[in-house]
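Just below is one structure, and these are the notes that go with it.
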Amino acid sequence: GVEVAAHSGDAARLLRTLVRGCQVGLSLAGGASAAICEGCHVQRCACGIALTGLSVEEGWSEALNSFSDVVMLDNTDADLRIQGWSVKEKASGVVREAPPGEEVSVRGWPVEQCSVVAPTDRGPVVLLVKGGKVNATLFEDEEEGGEDLRSDSERASTLGGG
């Protein structure tokens with residue numbers, strides 16, 4: 001696969017790239033701004049895109065826009081896997097962070113709208129991923145809703161890593 005590690009302000013540009021049959025098609029460290037992908041295809045990988053460091057605000061954002069047109073085909077475990085996410089609360093400015101070692105994955109992205117319950121240090125959030133857009137919805141009490149949300153959502157999956 002292709003691995004990109006970017007510092008703030010630096011972005012790799014992947015043009016018309018085909019990645020096939022790898023463990024991870026595109027590994028992006030440094031957040032969603034690590035790479036701009038145009039005309040790329042990721043096929044038959046265990047994971048299409050592995051993203052480390054997704055930071056969003058509560059509500060809608062276009063956090064995944066720079067690689068939402070990647071064509072995913074027959075990836076076995078996930079089309080998008082996220083580690084190290086954080087969500088900033090609009091009202092208080094508090095940043096909710098992913099627990100160390102946690103990851104969340106979705107299949108069907110970017111063509112299908114997907115949602116996942118993502119644990120944080122201040123209660124779970126629901127991340128709704130639709131193409132390049134992400135909607136982060138906060139929940140206050142992990143004990144009173146996290147399990148129900150997990151069982152109600154067709155595409156929700158939380159994979160523990162630790």
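Convention: chains lettered A, B, ... in structure tokens order; per-chain residue numbering from 1; ligands numbered from 1 as shown.
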
request  = With a distance cut-off of 9 Å and only C-alpha atoms, select the neighbouring residues of Glu3 in chain A, excluding the residue or stretch itself and same-chain residues fewer than 5 positions from it, and output the selection as a PyMOL selection string.
outcome  = chain A and resi 24-29

Go through range 53-81 of chain A residue by residue and, counting only C-alpha atoms, keep those with an atom at most 8 Å from range 131-140 of chain A; for each kept residue give the shortest atom pair and its distance in Å to one decimal, ordered by chain and increasing number, as CSV.
residue,atom,partner,partner_atom,distance
A:Val56,CA,A:Ala136,CA,7.4
A:Glu57,CA,A:Ala136,CA,7.0
A:Glu58,CA,A:Ala136,CA,4.9
A:Gly59,CA,A:Asn135,CA,5.0
A:Trp60,CA,A:Asn135,CA,4.2
A:Ser61,CA,A:Val134,CA,5.4
A:Glu62,CA,A:Lys133,CA,4.3
A:Ala63,CA,A:Lys133,CA,6.1
A:Leu64,CA,A:Gly132,CA,4.2
A:Asn65,CA,A:Gly132,CA,3.8
A:Ser66,CA,A:Gly132,CA,7.2
A:Phe67,CA,A:Gly132,CA,7.1
A:Ser68,CA,A:Gly132,CA,4.7
A:Asp69,CA,A:Gly131,CA,7.7

message = At a cut-off of 12 Å, using only C-alpha atoms, what residues contact Gly108 in chain A? Leave out same-chain residues fewer than 2 positions from it and give the result as a list in words.
response = Cys47, Gly48, Ser68, Val70, Val71, Met72, Leu73, Asp74, Asn75, Thr76, Asp77, Ala78, Asp79, Leu80, Arg81, Ser105, Val106, Pro110, Val111, Glu112, Gln113, Cys114, Ser115, Val129, Lys130, Gly131, Glu154, Arg155 and Ala156 of chain A

ask   = Skipping near chain neighbours, those fewer than 6 positions away, what residues fall within 12 Å of Val4 in chain A using only C-alpha atoms, listed as a list in words?
value = Asp10, Ala11, Ala12, Arg13, Leu14, Val24, Gly25, Leu26, Ser27, Leu28, Ala29, Gly30, Gly31, Ala32, Ser33, Ala34, Ala35, Ile36, Cys37, Ile49, Ala50, Leu51 and Thr52 of chain A

File dump, residues just selected, C-alpha atoms, as a PDB file, in the first residue's frame:
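The resulting result_13.pdb:
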ATOM      1  CA  ASP A  10       1.996  19.378   4.233  1.00  0.00           C
ATOM      2  CA  ALA A  11      -0.195  17.174   2.038  1.00  0.00           C
ATOM      3  CA  ALA A  12       0.808  14.426  -0.346  1.00  0.00           C
ATOM      4  CA  ARG A  13      -1.009  14.380  -3.668  1.00  0.00           C
ATOM      5  CA  LEU A  14      -1.936  10.952  -5.037  1.00  0.00           C
ATOM      6  CA  VAL A  24      -3.809  -1.465   4.086  1.00  0.00           C
ATOM      7  CA  GLY A  25      -4.392   0.378   0.801  1.00  0.00           C
ATOM      8  CA  LEU A  26      -3.708   3.942   1.968  1.00  0.00           C
ATOM      9  CA  SER A  27      -2.323   4.659   5.438  1.00  0.00           C
ATOM     10  CA  LEU A  28      -2.689   8.334   6.324  1.00  0.00           C
ATOM     11  CA  ALA A  29      -1.069   9.597   9.523  1.00  0.00           C
ATOM     12  CA  GLY A  30      -1.440  13.224  10.458  1.00  0.00           C
ATOM     13  CA  GLY A  31      -5.172  13.585   9.937  1.00  0.00           C
ATOM     14  CA  ALA A  32      -7.467  13.895   6.962  1.00  0.00           C
ATOM     15  CA  SER A  33      -5.328  16.658   5.480  1.00  0.00           C
ATOM     16  CA  ALA A  34      -2.352  14.254   5.081  1.00  0.00           C
ATOM     17  CA  ALA A  35      -3.245  13.511   1.465  1.00  0.00           C
ATOM     18  CA  ILE A  36      -5.302  14.656  -1.466  1.00  0.00           C
ATOM     19  CA  CYS A  37      -6.421  11.730  -3.603  1.00  0.00           C
ATOM     20  CA  ILE A  49      -7.933   3.692   4.048  1.00  0.00           C
ATOM     21  CA  ALA A  50      -6.468   3.721   7.560  1.00  0.00           C
ATOM     22  CA  LEU A  51      -6.657   7.259   8.965  1.00  0.00           C
ATOM     23  CA  THR A  52      -4.857   8.274  12.143  1.00  0.00           C
TER      24      THR A  52
END

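Checking A:Leu18, A:Ala5, A:Cys40, A:Glu103 one by one against Val117 in chain A, counting only C-alpha atoms, you find the shortest gap at A:Glu103.
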
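Counting from CA of Val95 in chain A, the distance to CA of Trp109 in chain A is 25.6 Å.
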